[in-house]
Amino acid sequence: MQDLTGQKKTLLKSALLAFVFVAIIGSLEEGYQKFLPWRVCELRDIITDSLSGMLGICLNFLSQTGFSSFIRLL
(Lines give C-alpha, C1' and ligand atoms only; values in the text may rest on other atoms or scores of the structure.)
Protein backbone atom coordinates (compact mmCIF):
# COMPACT_ATOMS: atom_id res chain seq x y z
CA MET A 1 0.00 0.00 0.00
CA GLN A 2 1.34 3.44 -0.88
CA ASP A 3 0.31 6.77 0.46
CA LEU A 4 0.04 10.00 -1.50
CA THR A 5 3.75 10.78 -1.14
CA GLY A 6 4.76 7.50 -2.76
CA GLN A 7 6.38 6.09 0.34
CA LYS A 8 5.58 2.48 1.09
CA LYS A 9 3.85 1.79 4.38
CA THR A 10 2.82 -1.45 5.85
CA LEU A 11 -0.86 -2.23 5.92
CA LEU A 12 -0.82 -2.46 9.70
CA LYS A 13 0.65 1.04 10.09
CA SER A 14 -1.97 2.43 7.74
CA ALA A 15 -4.75 0.67 9.63
CA LEU A 16 -3.46 2.00 12.96
CA LEU A 17 -3.23 5.53 11.61
CA ALA A 18 -6.76 5.29 10.21
CA PHE A 19 -8.07 4.07 13.57
CA VAL A 20 -6.40 6.97 15.39
CA PHE A 21 -8.05 9.44 12.99
CA VAL A 22 -11.45 7.75 13.40
CA ALA A 23 -11.14 7.88 17.20
CA ILE A 24 -10.08 11.54 17.15
CA ILE A 25 -12.88 12.60 14.82
CA GLY A 26 -15.46 10.66 16.84
CA SER A 27 -14.23 12.30 20.04
CA LEU A 28 -14.28 15.78 18.50
CA GLU A 29 -17.78 15.22 17.17
CA GLU A 30 -19.08 14.15 20.56
CA GLY A 31 -17.20 16.95 22.31
CA TYR A 32 -18.75 19.58 20.07
CA GLN A 33 -22.21 18.11 20.77
CA LYS A 34 -21.67 18.92 24.44
CA PHE A 35 -22.12 22.61 23.62
CA LEU A 36 -25.40 22.12 21.73
CA PRO A 37 -28.46 22.25 23.99
CA TRP A 38 -30.44 19.66 22.03
CA ARG A 39 -27.60 17.09 21.79
CA VAL A 40 -25.99 14.83 24.38
CA CYS A 41 -22.29 13.95 24.67
CA GLU A 42 -21.88 10.33 25.78
CA LEU A 43 -18.88 8.05 26.10
CA ARG A 44 -20.99 5.26 24.59
CA ASP A 45 -21.22 7.20 21.32
CA ILE A 46 -17.43 7.69 21.19
CA ILE A 47 -16.93 3.96 21.71
CA THR A 48 -19.54 3.15 19.05
CA ASP A 49 -17.85 5.50 16.57
CA SER A 50 -14.46 3.93 17.25
CA LEU A 51 -15.75 0.35 16.96
CA SER A 52 -17.56 1.18 13.72
CA GLY A 53 -14.37 2.65 12.32
CA MET A 54 -12.43 -0.42 13.43
CA LEU A 55 -14.94 -2.67 11.67
CA GLY A 56 -14.52 -0.69 8.45
CA ILE A 57 -10.73 -0.87 8.76
CA CYS A 58 -10.90 -4.65 9.35
CA LEU A 59 -13.10 -5.12 6.30
CA ASN A 60 -10.68 -3.05 4.24
CA PHE A 61 -7.77 -5.08 5.61
CA LEU A 62 -9.49 -8.31 4.62
CA SER A 63 -10.12 -7.02 1.13
CA GLN A 64 -6.49 -5.85 0.74
CA THR A 65 -5.02 -9.17 1.87
CA GLY A 66 -6.84 -11.37 -0.60
CA PHE A 67 -9.95 -12.34 1.31
CA SER A 68 -12.18 -10.57 -1.18
CA SER A 69 -14.22 -13.74 -1.68
CA PHE A 70 -14.99 -13.67 2.06
CA ILE A 71 -16.09 -10.04 1.81
CA ARG A 72 -18.44 -10.85 -1.07
CA LEU A 73 -20.24 -13.37 1.13
CA LEU A 74 -21.08 -10.63 3.61
# chains A, B, ... in the order shown; residues from 1 in each chain; ligands from 1
call {"tool": "residues_around", "arguments": {"residues": "range 51-58 of chain A", "least_positions_apart": "6", "cutoff": "7 Å", "atoms": "only C-alpha atoms", "output": "PyMOL selection string"}}
result
chain A and resi 15+19+22
call {"tool": "atom_distance", "arguments": {"atom1": "CA of Asp49 in chain A", "atom2": "CA of Gly26 in chain A"}}
result
5.7 Å
call {"tool": "residues_around", "arguments": {"residues": "Leu28 in chain A", "least_positions_apart": "5", "cutoff": "12 Å", "atoms": "only C-alpha atoms", "output": "PyMOL selection string"}}
result
chain A and resi 21-23+33-35+41-43+45-46+49-50
call {"tool": "atom_distance", "arguments": {"atom1": "CA of Ala18 in chain A", "atom2": "CA of Arg39 in chain A"}}
result
26.6 Å
call {"tool": "atom_distance", "arguments": {"atom1": "CA of Thr48 in chain A", "atom2": "CA of Thr10 in chain A"}}
result
26.4 Å
